[in-house]
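**Student:** This is the structure, below, for whatever I ask next.
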Amino acid sequence: KNQVEQSPQSLIILEGKNCTLQCNYTVSPFSNLRWYKQDTGRGPVSLTIMTFSENTKSNGRYTATLDADTKQSSLHITASQLSDSASYICVVSAGTGNQFYFGTGTSLTVIP
Amino acid sequence: KAGVTQTPRYLIKTRGQQVTLSCSPISGHRSVSWYQQTPGQGLQFLFEYFSETQRNKGNFPGRFSGRQFSNSRSEMNVSTLELGDSALYLCASSYLQSNTEAFFGQGTRLTVV
């Protein structure tokens, strides 16, 4: 069964600290994996997109890693800011890329 | 360059009614995908349109339908609304197929009473 699981479900960290969010998937055949950030009441915004051959991709303070062998991805946030408070969603696409499987997201709260 | 525009932003309907939501993709984008987001289920894929053709469909009942026009604008229709249809409906546009970078709109918040 194609599934995407994210952990932790929620996380609270102090401003300035680093954190890592996890995404494990069983989707096959794998096409690509994306991380989105969704602020409350707004649409998701893409952070990174990685294909099978990519192990790491960065977008500012956000760094995503992908291990296609173990079917795991992580999103590392460096020097967190209050504006990082949001839900982070992992999305895996399969086949030709037109089938999508969503994680339920990690809710991150950054406190001063 | 304007982003993805969804209208209306908020909508309240009663059970049994039907509703039509609209999505205007980024200029030049030909793929539009629709998603339902609820607190309990997270984001769920509804369908994708590319060049006026439905390319892929999620696991939703036939009450959910959509179409895409020649200018790539897309509409989603839900008939015989149920309380459980209350959700945030998001659309995303991509330049080619949805395998490429997808940009989301702000969503339409539908409340069924």
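Chain labels run A, B, ... following the order of the structure tokens; each chain numbers its residues from 1, and ligands are numbered from 1 in the order shown.
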Compile a residue-level contact table for chain A against chain B at a cut-off of 6 Å, reporting for every qualifying residue the shortest atom pair and its distance in Å to one decimal, with only C-alpha atoms counted, rows ordered by chain and ascending number, as a tab-separated table.

**Tutor:**
```
residue	atom	partner	partner_atom	distance
A:Arg42	CA	B:Gln106	CA	4.9
A:Gly43	CA	B:Gln106	CA	4.3
A:Pro44	CA	B:Phe104	CA	5.9
A:Gly97	CA	B:Asn99	CA	4.7
A:Thr104	CA	B:Gly42	CA	5.0
```

**Student:** At a cut-off of 7 Å, using only C-alpha atoms, what residues contact Gln38 in chain A? Leave out same-chain residues fewer than 6 positions from it and give the result as a ChimeraX atom specification.

**Tutor:** /A:44-45,86-88

**Student:** Output N, CA and C atoms for every residue in the selection just made, as an mmCIF file, in the first residue's frame.

**Tutor:**
```cif
data_model
loop_
_atom_site.group_PDB
_atom_site.id
_atom_site.type_symbol
_atom_site.label_atom_id
_atom_site.label_comp_id
_atom_site.auth_asym_id
_atom_site.auth_seq_id
_atom_site.Cartn_x
_atom_site.Cartn_y
_atom_site.Cartn_z
ATOM 1 N N PRO A 44 -0.201 25.680 0.462
ATOM 2 C CA PRO A 44 1.180 25.212 0.644
ATOM 3 C C PRO A 44 2.133 25.908 -0.320
ATOM 4 N N VAL A 45 3.340 26.092 0.142
ATOM 5 C CA VAL A 45 4.400 26.695 -0.668
ATOM 6 C C VAL A 45 5.533 25.701 -0.774
ATOM 7 N N ALA A 86 4.610 26.636 11.187
ATOM 8 C CA ALA A 86 3.748 26.251 10.064
ATOM 9 C C ALA A 86 3.590 24.734 10.089
ATOM 10 N N SER A 87 2.824 24.247 9.133
ATOM 11 C CA SER A 87 2.731 22.807 8.930
ATOM 12 C C SER A 87 3.631 22.446 7.755
ATOM 13 N N TYR A 88 4.423 21.386 7.897
ATOM 14 C CA TYR A 88 5.334 20.953 6.837
ATOM 15 C C TYR A 88 4.843 19.617 6.300
#
```

**Student:** Which residues, written as a PyMOL selection string, have at least one atom at most 7 Å from range 4-16 of chain A, with only C-alpha atoms counted and residues fewer than 4 positions away on the same chain left out?

**Tutor:** chain A and resi 21-26+79-82+101-112

**Student:** Just list the residues in chain A DSSP gives strand (DSSP E) on the backbone, as a PyMOL selection string.

**Tutor:** chain A and resi 4-7+10-14+19-25+30-38+45-51+56-59+62-67+72-77+86-94+99-102+106-111

**Student:** Using only C-alpha atoms, which residues sit within 6 Å of range 69-76 of chain B once same-chain residues fewer than 5 positions away are excluded, as a list in words?

**Tutor:**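 Contacts, in chain order: Thr20, Leu21, Ser22, Cys23, Ser24, Arg30 and Glu52 of chain B.
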